[in-house]
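File shown here: structure.tsv, holding TSV, C-alpha atoms.
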```
chain	number	residue	atom	x	y	z
F	261	MET	CA	-17.84	29.98	-25.06
F	262	ALA	CA	-20.54	28.45	-27.27
F	263	THR	CA	-18.41	29.13	-30.37
F	264	PHE	CA	-15.42	27.46	-28.71
F	265	LEU	CA	-17.41	24.33	-27.81
F	266	THR	CA	-19.11	23.96	-31.20
F	267	PRO	CA	-16.39	21.77	-32.84
F	268	PHE	CA	-16.22	19.54	-29.76
F	269	LEU	CA	-20.01	19.12	-29.59
F	270	GLN	CA	-20.12	18.34	-33.30
F	271	SER	CA	-17.44	15.67	-32.90
F	272	ILE	CA	-19.37	13.79	-30.18
F	273	THR	CA	-22.86	14.22	-31.68
F	274	PRO	CA	-24.01	10.96	-33.27
F	275	PRO	CA	-25.03	11.11	-36.90
F	276	PRO	CA	-28.77	11.38	-37.60
F	277	VAL	CA	-30.69	8.16	-38.10
F	278	VAL	CA	-31.34	7.57	-41.77
F	279	THR	CA	-34.38	5.43	-42.39
F	280	PRO	CA	-34.23	3.80	-45.83
F	281	GLU	CA	-37.28	4.08	-48.01
F	282	HIS	CA	-37.22	0.32	-48.71
F	283	TYR	CA	-36.47	-1.90	-45.70
F	284	ASP	CA	-36.42	-5.63	-46.39
F	285	GLY	CA	-35.09	-6.77	-42.99
F	286	TYR	CA	-36.88	-8.16	-39.97
F	287	GLU	CA	-39.23	-5.75	-38.22
F	288	LEU	CA	-41.90	-5.73	-35.53
F	289	LYS	CA	-45.00	-3.58	-35.80
F	290	TRP	CA	-47.57	-2.64	-33.25
F	291	LYS	CA	-50.00	0.06	-34.29
F	292	ALA	CA	-47.88	3.16	-34.96
F	293	LEU	CA	-44.71	1.65	-33.48
F	294	VAL	CA	-42.13	-0.06	-35.70
F	295	PHE	CA	-38.98	-1.82	-34.47
F	296	ARG	CA	-36.26	-2.55	-37.05
F	297	PRO	CA	-33.28	-4.37	-35.39
F	298	ALA	CA	-31.00	-4.04	-38.43
F	299	LEU	CA	-30.89	-0.26	-37.91
F	300	LEU	CA	-29.63	-0.61	-34.31
F	301	LYS	CA	-26.41	-2.58	-34.73
F	302	THR	CA	-24.25	-0.02	-32.90
F	303	GLU	CA	-26.67	0.08	-29.98
F	304	ALA	CA	-26.70	-3.72	-29.88
F	305	TYR	CA	-22.91	-3.85	-29.65
F	306	LEU	CA	-22.94	-1.27	-26.85
F	307	LEU	CA	-25.57	-3.23	-24.98
F	308	VAL	CA	-23.51	-6.43	-25.26
F	309	ALA	CA	-20.37	-4.63	-24.06
F	310	ILE	CA	-22.18	-3.11	-21.06
F	311	SER	CA	-23.72	-6.46	-20.19
F	312	LEU	CA	-20.32	-8.17	-20.32
F	313	TYR	CA	-18.80	-5.44	-18.12
F	314	ILE	CA	-21.59	-5.84	-15.55
F	315	LEU	CA	-21.15	-9.63	-15.55
F	316	PHE	CA	-17.37	-9.22	-15.16
F	317	ALA	CA	-17.88	-6.85	-12.23
F	318	TYR	CA	-20.41	-9.14	-10.56
F	319	PHE	CA	-18.38	-12.33	-10.85
F	320	GLY	CA	-15.14	-10.50	-9.94
F	321	ALA	CA	-16.62	-8.97	-6.80
F	322	SER	CA	-18.19	-12.30	-5.83
F	323	SER	CA	-14.87	-14.09	-6.37
F	324	ASN	CA	-12.97	-11.70	-4.08
F	325	ALA	CA	-15.59	-11.87	-1.33
F	326	ARG	CA	-15.69	-15.66	-1.58
F	327	LYS	CA	-11.89	-15.96	-1.31
F	328	ALA	CA	-11.76	-13.74	1.79
F	329	LYS	CA	-14.66	-15.50	3.52
F	330	LYS	CA	-13.30	-18.96	2.78
F	331	TRP	CA	-9.79	-18.17	4.07
F	332	LEU	CA	-11.22	-16.65	7.23
F	333	ALA	CA	-13.62	-19.55	7.74
F	334	VAL	CA	-10.75	-22.07	7.61
F	335	HIS	CA	-8.61	-20.03	10.04
F	336	LEU	CA	-11.44	-18.82	12.29
F	337	PRO	CA	-11.14	-21.82	14.65
F	338	ILE	CA	-7.60	-20.61	15.46
F	339	TYR	CA	-8.92	-17.12	16.16
F	340	GLU	CA	-11.71	-18.50	18.34
F	341	ARG	CA	-9.19	-20.42	20.44
F	342	GLN	CA	-6.85	-17.46	20.74
F	343	PHE	CA	-9.22	-14.49	21.24
F	344	SER	CA	-12.20	-13.79	23.44
F	345	LYS	CA	-13.49	-11.59	20.58
F	346	PRO	CA	-12.28	-13.22	17.35
F	347	GLN	CA	-14.51	-11.07	15.13
F	348	ALA	CA	-16.34	-7.78	15.20
F	349	LYS	CA	-20.12	-7.95	15.50
F	350	GLY	CA	-20.59	-7.58	11.76
F	351	GLY	CA	-18.00	-10.24	10.93
F	352	LEU	CA	-15.88	-9.63	7.85
F	353	ILE	CA	-15.87	-5.95	6.87
F	354	SER	CA	-15.59	-4.95	3.22
F	355	ASP	CA	-14.24	-1.70	1.82
F	356	GLY	CA	-15.27	-1.82	-1.81
F	357	HIS	CA	-14.94	-5.10	-3.68
F	358	SER	CA	-11.23	-5.84	-3.26
F	359	ASP	CA	-10.43	-4.91	0.37
F	360	PHE	CA	-11.72	-6.84	3.39
F	361	PHE	CA	-10.92	-6.64	7.11
F	362	ASN	CA	-11.36	-8.66	10.26
F	363	PHE	CA	-10.67	-7.33	13.76
F	364	SER	CA	-9.81	-9.57	16.71
F	365	THR	CA	-9.05	-8.68	20.32
F	366	GLY	CA	-9.02	-10.11	23.80
F	367	ARG	CA	-5.80	-12.08	24.17
F	368	ARG	CA	-2.71	-12.04	26.36
F	369	ASN	CA	0.29	-10.32	24.74
F	370	VAL	CA	-1.85	-9.04	21.84
F	371	ALA	CA	-3.68	-5.71	21.95
F	372	SER	CA	-5.40	-6.43	18.62
F	373	LEU	CA	-5.09	-8.35	15.38
F	374	HIS	CA	-6.09	-6.84	12.05
F	375	THR	CA	-6.50	-9.40	9.28
F	376	ILE	CA	-6.37	-7.44	6.03
F	377	PHE	CA	-7.28	-8.87	2.62
F	378	THR	CA	-6.07	-6.84	-0.37
F	379	PHE	CA	-7.15	-8.55	-3.57
F	380	ARG	CA	-6.79	-7.72	-7.23
F	381	PRO	CA	-9.60	-5.50	-8.62
F	382	ARG	CA	-11.43	-8.31	-10.35
F	383	HIS	CA	-14.63	-6.24	-10.28
F	384	ASP	CA	-13.09	-3.54	-12.49
F	385	PHE	CA	-12.17	-4.77	-15.96
F	386	PHE	CA	-10.05	-1.74	-16.85
F	387	GLN	CA	-7.94	-1.86	-13.65
F	388	TRP	CA	-7.55	-5.61	-14.00
F	389	ALA	CA	-6.52	-5.26	-17.66
F	390	PHE	CA	-4.02	-2.50	-16.77
F	391	GLN	CA	-2.42	-4.67	-14.08
F	392	THR	CA	-2.27	-7.65	-16.40
F	393	GLY	CA	-0.75	-5.59	-19.21
F	394	ARG	CA	1.82	-4.00	-16.89
F	395	THR	CA	3.16	-7.42	-15.93
F	396	LEU	CA	4.13	-7.92	-19.58
F	397	VAL	CA	6.38	-4.83	-19.65
F	398	ASP	CA	7.54	-4.53	-16.02
F	399	LEU	CA	9.24	-7.68	-14.79
F	400	HIS	CA	9.29	-6.41	-11.19
F	401	TYR	CA	5.55	-5.76	-11.07
F	402	ARG	CA	3.57	-8.68	-9.63
F	403	PRO	CA	-0.02	-7.92	-8.62
F	404	ILE	CA	-1.16	-10.54	-6.11
F	405	ASP	CA	-3.89	-11.27	-3.61
F	406	ASP	CA	-2.34	-10.28	-0.28
F	407	ILE	CA	-3.39	-11.42	3.18
F	408	GLN	CA	-1.79	-9.59	6.08
F	409	LEU	CA	-2.01	-10.42	9.77
F	410	ASP	CA	-0.98	-7.36	11.77
F	411	PHE	CA	-0.53	-8.18	15.47
F	412	LYS	CA	-0.32	-5.08	17.63
F	413	LEU	CA	1.56	-6.26	20.70
F	414	ALA	CA	0.38	-5.47	24.20
F	415	PRO	CA	2.72	-3.52	26.51
F	416	GLY	CA	5.34	-5.87	27.93
F	417	ALA	CA	4.97	-8.52	25.22
F	418	LEU	CA	8.34	-7.50	23.79
F	419	ALA	CA	10.82	-5.86	26.11
F	420	ASP	CA	13.51	-5.13	23.52
F	421	ASN	CA	13.35	-2.66	20.66
F	422	PHE	CA	14.45	-3.98	17.27
F	423	VAL	CA	13.39	-4.55	13.67
F	424	TRP	CA	13.74	-8.04	12.24
F	425	ALA	CA	12.17	-9.85	9.30
F	426	VAL	CA	12.27	-12.90	7.08
F	427	VAL	CA	11.35	-11.97	3.51
F	428	ALA	CA	10.91	-13.96	0.31
F	429	LYS	CA	13.63	-12.83	-2.12
F	430	ASP	CA	11.18	-11.89	-4.86
F	431	GLU	CA	9.39	-9.60	-2.37
F	432	LEU	CA	12.52	-7.82	-1.16
F	433	MET	CA	12.25	-4.82	-3.49
F	434	SER	CA	8.55	-4.35	-2.76
F	435	VAL	CA	9.15	-4.53	0.99
F	436	LYS	CA	11.90	-1.91	0.91
F	437	ASN	CA	9.73	0.42	-1.18
F	438	ASN	CA	6.64	0.12	1.01
F	439	ARG	CA	8.05	-0.31	4.52
F	440	TRP	CA	10.14	2.50	6.00
F	441	ASP	CA	10.92	0.42	9.09
F	442	LEU	CA	12.54	-2.26	6.92
F	443	THR	CA	14.89	0.10	5.12
F	444	PHE	CA	17.59	0.22	7.79
F	445	PRO	CA	18.06	-3.50	8.75
F	446	ARG	CA	20.73	-5.28	6.70
F	447	SER	CA	19.70	-8.14	4.40
F	448	SER	CA	21.56	-11.46	4.32
F	449	GLU	CA	20.97	-15.11	3.57
F	450	ASN	CA	20.78	-17.62	6.37
F	451	PRO	CA	21.94	-21.21	5.68
F	452	THR	CA	19.31	-22.67	8.01
F	453	LEU	CA	16.43	-21.12	6.06
F	454	PRO	CA	15.15	-22.07	2.58
F	455	PRO	CA	17.32	-20.47	-0.16
F	456	SER	CA	14.35	-18.35	-1.33
F	457	PHE	CA	14.29	-16.46	2.01
F	458	VAL	CA	16.35	-13.48	3.18
F	459	VAL	CA	16.82	-12.34	6.78
F	460	MET	CA	16.67	-8.62	7.53
F	461	THR	CA	18.18	-7.73	10.90
F	462	GLU	CA	19.94	-4.93	12.71
F	463	TRP	CA	22.28	-7.28	14.57
F	464	ALA	CA	23.05	-10.99	14.20
F	465	ASP	CA	22.29	-11.53	17.89
F	466	VAL	CA	18.60	-10.84	17.19
F	467	THR	CA	18.48	-13.49	14.47
F	468	GLU	CA	20.21	-16.05	16.68
F	469	ASN	CA	17.69	-15.53	19.46
F	470	LEU	CA	14.64	-15.71	17.21
F	471	LEU	CA	15.68	-18.77	15.20
F	472	LYS	CA	16.87	-20.89	18.11
F	473	PRO	CA	14.34	-23.15	19.88
F	474	ILE	CA	12.55	-21.55	22.84
F	475	GLY	CA	11.12	-24.35	24.96
F	476	ASN	CA	8.96	-26.48	22.67
F	477	PHE	CA	8.62	-23.71	20.11
F	478	SER	CA	10.82	-23.35	17.01
F	479	LEU	CA	10.20	-20.61	14.46
F	480	LEU	CA	12.92	-22.08	12.26
F	481	THR	CA	11.04	-25.38	11.92
F	482	ALA	CA	7.88	-23.55	10.84
F	483	LEU	CA	9.73	-21.51	8.22
F	484	GLN	CA	11.33	-24.67	6.79
F	485	ASP	CA	7.91	-26.17	6.00
F	486	PRO	CA	7.84	-26.54	2.17
F	487	LYS	CA	4.05	-26.09	2.10
F	488	ILE	CA	4.31	-22.40	2.95
F	489	LEU	CA	6.89	-21.51	0.28
F	490	PRO	CA	4.37	-20.59	-2.47
F	491	TYR	CA	2.43	-18.28	-0.14
F	492	PHE	CA	4.99	-16.78	2.23
F	493	ARG	CA	5.86	-13.12	1.57
F	494	SER	CA	7.27	-11.81	4.83
F	495	LEU	CA	7.24	-12.10	8.60
F	496	SER	CA	8.45	-9.08	10.52
F	497	ILE	CA	8.83	-7.91	14.11
F	498	THR	CA	9.14	-4.16	14.43
F	499	ASP	CA	9.15	-1.36	16.97
F	500	GLN	CA	9.09	1.32	14.24
F	501	PRO	CA	6.20	2.68	12.16
F	502	ARG	CA	5.80	1.48	8.61
F	503	GLU	CA	5.79	5.04	7.26
F	504	ARG	CA	8.48	7.56	8.15
F	505	PRO	CA	7.15	9.85	10.89
F	506	LEU	CA	7.55	13.60	10.60
F	507	LEU	CA	8.71	13.87	14.22
F	508	PRO	CA	10.08	11.43	16.81
F	509	LEU	CA	7.18	9.54	18.35
F	510	ALA	CA	6.26	10.15	21.96
F	511	PRO	CA	6.59	7.10	24.27
F	512	GLU	CA	2.81	6.63	24.44
F	513	GLU	CA	2.59	6.63	20.62
F	514	ARG	CA	5.19	3.92	20.08
F	515	GLU	CA	3.81	0.53	19.06
F	516	LYS	CA	5.34	-2.88	18.45
F	517	HIS	CA	3.98	-5.17	15.78
F	518	VAL	CA	4.37	-8.67	14.42
F	519	ILE	CA	3.25	-8.70	10.79
F	520	LEU	CA	2.73	-11.78	8.63
F	521	SER	CA	2.15	-11.24	4.92
F	522	LEU	CA	0.92	-14.04	2.67
F	523	SER	CA	-0.21	-14.56	-0.89
F	524	ALA	CA	-3.76	-15.87	-0.87
F	525	PRO	CA	-3.72	-19.62	-1.57
F	526	SER	CA	-6.18	-21.24	-3.93
F	527	SER	CA	-9.33	-22.72	-2.43
F	528	SER	CA	-7.83	-26.21	-2.51
F	529	HIS	CA	-4.72	-25.17	-0.56
F	530	ILE	CA	-6.11	-22.84	2.11
F	531	GLU	CA	-5.23	-25.39	4.80
F	532	ASP	CA	-1.54	-25.02	3.91
F	533	THR	CA	-1.26	-21.69	5.76
F	534	VAL	CA	-2.92	-22.91	8.97
F	535	PRO	CA	0.31	-24.18	10.62
F	536	LEU	CA	2.13	-20.90	9.93
F	537	VAL	CA	-0.69	-18.82	11.41
F	538	ASN	CA	-0.60	-21.03	14.50
F	539	THR	CA	3.16	-20.51	14.67
F	540	VAL	CA	2.84	-16.72	14.73
F	541	PHE	CA	0.71	-16.90	17.87
F	542	GLN	CA	3.42	-19.02	19.50
F	543	LEU	CA	6.03	-16.52	18.31
F	544	VAL	CA	4.17	-13.67	19.97
F	545	ASP	CA	4.14	-15.55	23.28
F	546	SER	CA	7.86	-16.34	23.06
F	547	LEU	CA	9.07	-12.79	22.41
F	548	ASN	CA	9.33	-11.91	26.10
F	549	LYS	CA	11.62	-14.92	26.59
F	550	ILE	CA	14.40	-13.89	24.22
F	551	SER	CA	17.60	-12.60	25.81
F	552	LEU	CA	19.80	-10.24	23.80
F	553	ARG	CA	23.37	-9.51	24.80
F	554	PRO	CA	23.92	-6.24	26.74
F	555	GLU	CA	26.10	-4.81	23.97
F	556	THR	CA	23.35	-5.54	21.42
F	557	LYS	CA	20.81	-3.69	23.54
F	558	THR	CA	23.19	-0.76	23.87
F	559	LYS	CA	23.69	-0.57	20.09
F	560	LEU	CA	19.95	-0.81	19.43
F	561	LYS	CA	19.26	1.95	21.95
F	562	ARG	CA	21.97	4.20	20.48
F	563	PHE	CA	20.63	3.70	16.95
F	564	ARG	CA	17.14	4.76	18.03
F	565	GLU	CA	18.48	7.81	19.78
F	566	ASP	CA	20.35	8.78	16.61
F	567	LEU	CA	17.25	8.07	14.52
F	568	ASP	CA	15.06	10.31	16.70
F	569	LYS	CA	17.72	13.02	16.57
F	570	SER	CA	17.82	12.78	12.76
F	571	LEU	CA	14.02	12.97	12.52
F	572	LYS	CA	13.98	16.03	14.77
F	573	GLU	CA	16.71	17.77	12.79
F	574	ASP	CA	14.95	17.05	9.49
F	575	ALA	CA	11.66	18.38	10.89
F	576	GLU	CA	13.36	21.55	12.16
F	577	LYS	CA	15.12	22.06	8.82
F	578	GLU	CA	11.87	21.61	6.91
F	579	ALA	CA	10.05	24.02	9.27
F	580	LYS	CA	12.85	26.59	8.81
F	581	GLU	CA	12.66	26.28	5.02
F	582	GLU	CA	8.88	26.66	5.11
F	583	ALA	CA	9.22	29.76	7.29
F	584	GLN	CA	11.76	31.23	4.87
F	585	ASP	CA	9.50	30.48	1.91
F	586	ALA	CA	6.54	32.08	3.70
F	587	LYS	CA	8.64	35.14	4.55
F	588	ALA	CA	9.83	35.46	0.95
F	589	ALA	CA	6.27	35.07	-0.35
F	590	ALA	CA	5.03	37.76	2.05
F	591	LYS	CA	7.86	40.07	0.95
F	592	ARG	CA	7.00	39.52	-2.74
F	593	LYS	CA	3.34	40.19	-2.06
F	594	SER	CA	4.15	43.39	-0.16
F	595	GLU	CA	6.41	44.55	-2.99
F	596	GLN	CA	3.73	43.79	-5.58
F	597	GLU	CA	1.16	45.75	-3.60
F	598	ARG	CA	3.58	48.68	-3.31
F	599	ILE	CA	4.25	48.70	-7.05
F	600	ALA	CA	0.53	48.42	-7.84
F	601	LYS	CA	-0.07	51.72	-6.05
F	602	LEU	CA	2.47	53.58	-8.22
F	603	SER	CA	1.72	55.41	-11.44
F	604	ALA	CA	2.20	53.66	-14.76
F	605	ALA	CA	5.52	55.44	-15.38
F	606	ASP	CA	6.87	54.56	-11.93
F	607	GLN	CA	5.72	50.95	-12.33
F	608	LYS	CA	7.67	50.77	-15.59
F	609	LYS	CA	10.80	52.10	-13.84
F	610	GLU	CA	10.45	49.57	-11.01
F	611	LEU	CA	10.04	46.68	-13.48
F	612	GLU	CA	13.13	47.84	-15.39
F	613	LYS	CA	15.15	47.95	-12.14
F	614	GLU	CA	13.97	44.44	-11.26
F	615	ARG	CA	14.94	43.19	-14.72
F	616	LYS	CA	18.45	44.64	-14.35
F	617	ARG	CA	18.87	43.13	-10.86
F	618	THR	CA	17.84	39.73	-12.16
F	619	LEU	CA	20.26	40.06	-15.08
F	620	ARG	CA	23.16	40.98	-12.78
F	621	LYS	CA	22.43	38.00	-10.52
F	622	SER	CA	22.37	35.59	-13.45
F	623	GLN	CA	25.63	37.01	-14.81
F	624	GLY	CA	27.26	36.67	-11.39
F	625	LYS	CA	26.29	33.01	-11.23
F	626	VAL	CA	27.76	32.36	-14.65
F	627	VAL	CA	31.08	34.03	-13.65
F	628	ARG	CA	31.33	31.98	-10.44
F	629	LYS	CA	30.87	28.75	-12.38
```
Starting from the coordinates I provided, produce the structure as structure tokens.
Amino acid sequence: MATFLTPFLQSITPPPVVTPEHYDGYELKWKALVFRPALLKTEAYLLVAISLYILFAYFGASSNARKAKKWLAVHLPIYERQFSKPQAKGGLISDGHSDFFNFSTGRRNVASLHTIFTFRPRHDFFQWAFQTGRTLVDLHYRPIDDIQLDFKLAPGALADNFVWAVVAKDELMSVKNNRWDLTFPRSSENPTLPPSFVVMTEWADVTENLLKPIGNFSLLTALQDPKILPYFRSLSITDQPRERPLLPLAPEEREKHVILSLSAPSSSHIEDTVPLVNTVFQLVDSLNKISLRPETKTKLKRFREDLDKSLKEDAEKEAKEEAQDAKAAAKRKSEQERIAKLSAADQKKELEKERKRTLRKSQGKVVRK
């Protein structure tokens, strides 16, 4: 092992320090100690690089925390009006230096609200540089500072089961890749919405009900506000999980969510997202007032029954394949143990038989083709 590692150790071992006999540069002396800066250029460069990295990490982490705290501070009055517990005891919770969370609860029609901040890794120079470089070669890759408001609806807040969303066109690919529940609604443009938006819906009846005025509330008017266009990513209402479940969910496990996703505005434009956040609370309260046609409800129910059936069949198929693989593995192991107990001559005969069987199988496949 030592012989194997010798070339590697030699390659990473720094060369010995050579002290010139005549040194004319600047030096500091104190008794037997002598400091000659000109001999430590490499160390000086390393020290500068480390210092710059530490400064980058400090200012990057501070910038992310400041952005999250400022956005929440501007929108906290809304939360305080809407929730009896607008924040957890510790306030804003951080998970590292780029992810922050706020938890709110205590409101009619809303079981809980998770406000999730997912910012760029400004504290890590190498991750930040990788993201920046990737944008130059991948036109579809757009790292952003994301703010997500995930409303978990209380039982009874939404009687119907459907998936519906309004998505910014440049976010459509990302949404379909990251949200399983948004893969089966159809996408289409709506003439009443800004041209940069796309509606994703299972049936047109759902869109008609959500975009028409309900009392004094109008979601359409809020979405037409030009101030939100630079920051709006998506607004979705869903009765399905974001990730594909392995099995159909039990009734008590099913949840309904309203999810608003925004790009974090600059500090001078944080107020621009206040009206939209207010609108989402009004949307939540209006969901139990929508009235879908009976045939729409029937189609939605049938689709979910077919979806659960498909999930169950896929789970059973996967379980059957795993059982077959386990059985085959056990059979191979048993055969190997049997052969291991044979004499060397018998083992050779068994291996020869196996080779011939494998050859015959491969020849049979070639003939069938």
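The nearest approach to F:Gln391 among the residues F:Leu567, F:Ile404, F:Leu293, F:Ala586, with only C-alpha atoms taken into account, belongs to F:Ile404.
Considering the residues F:Gly350, F:Pro455, F:Pro415, F:Pro535 and counting only C-alpha atoms, F:Glu512 has its shortest atom-to-atom contact with F:Pro415.
Among the candidates F:Asn469, F:Thr365, F:Gln408, F:Ser447, the residue lying nearest to F:Val427 is F:Ser447 (atoms considered: all atoms listed in the file).
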Contact residues around stretch 353-362 of chain F with only C-alpha atoms at 10 Å, ignoring same-chain residues under 5 positions, as a ChimeraX atom specification = /F:317-318,320-325,328-329,332,346-348,373-384,405-409
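Nearest to F:Asn369 of all the residues F:Leu442, F:Leu536, F:Val544, F:Ala298 is F:Val544, counting only C-alpha atoms.
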Contacts of F:His529 within 12 Å, only C-alpha atoms, excl. fewer than 4 positions in-chain, as a short mmCIF file (atom, residue, chain, number, x, y, z; two decimals) with C-alpha atoms, in the frame of the given file:
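Written out: around27.cif:
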```cif
data_model
loop_
_atom_site.label_atom_id
_atom_site.label_comp_id
_atom_site.auth_asym_id
_atom_site.auth_seq_id
_atom_site.Cartn_x
_atom_site.Cartn_y
_atom_site.Cartn_z
CA LYS F 327 -11.89 -15.96 -1.31
CA LYS F 330 -13.30 -18.96 2.78
CA TRP F 331 -9.79 -18.17 4.07
CA VAL F 334 -10.75 -22.07 7.61
CA LYS F 487 4.05 -26.09 2.10
CA ILE F 488 4.31 -22.40 2.95
CA PRO F 490 4.37 -20.59 -2.47
CA TYR F 491 2.43 -18.28 -0.14
CA SER F 523 -0.21 -14.56 -0.89
CA ALA F 524 -3.76 -15.87 -0.87
CA PRO F 525 -3.72 -19.62 -1.57
CA THR F 533 -1.26 -21.69 5.76
CA VAL F 534 -2.92 -22.91 8.97
#
```
Which polymer residues, protein or nucleic acid, are no farther than 6 Å from (2.7, -11.9, 5.0), counting all atoms listed in the file, as a ChimeraX atom specification?
-> /F:408,493-495,520-522
Can you tell me how far atom CA of F:Glu340 sits from atom CA of F:Asp420, in Å to one decimal?
-> 29.0 Å
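The space between atom CA of F:Glu431 and atom CA of F:Ser570 spans 28.3 Å.
With atom CA of F:Leu413 on one side and atom CA of F:Lys569 on the other, the separation reads 25.5 Å.
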For F:Ser496, the closest of F:Val466, F:Leu547, F:Leu471, F:Val426 counting all atoms listed in the file is F:Val426
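Compared by their closest atoms to F:Asn437, and using all atoms listed in the file, the residues F:Arg296, F:Arg504, F:Asp499, F:Ala425 rank with F:Arg504 nearest.
By all atoms listed in the file, and with residues fewer than 5 positions from F:Glu565 along its chain excluded, the set lying at most 12 Å from it is Asn421, Pro508, Leu509, Thr558, Lys559, Leu560, Ser570, Leu571 and Lys572 of chain F.
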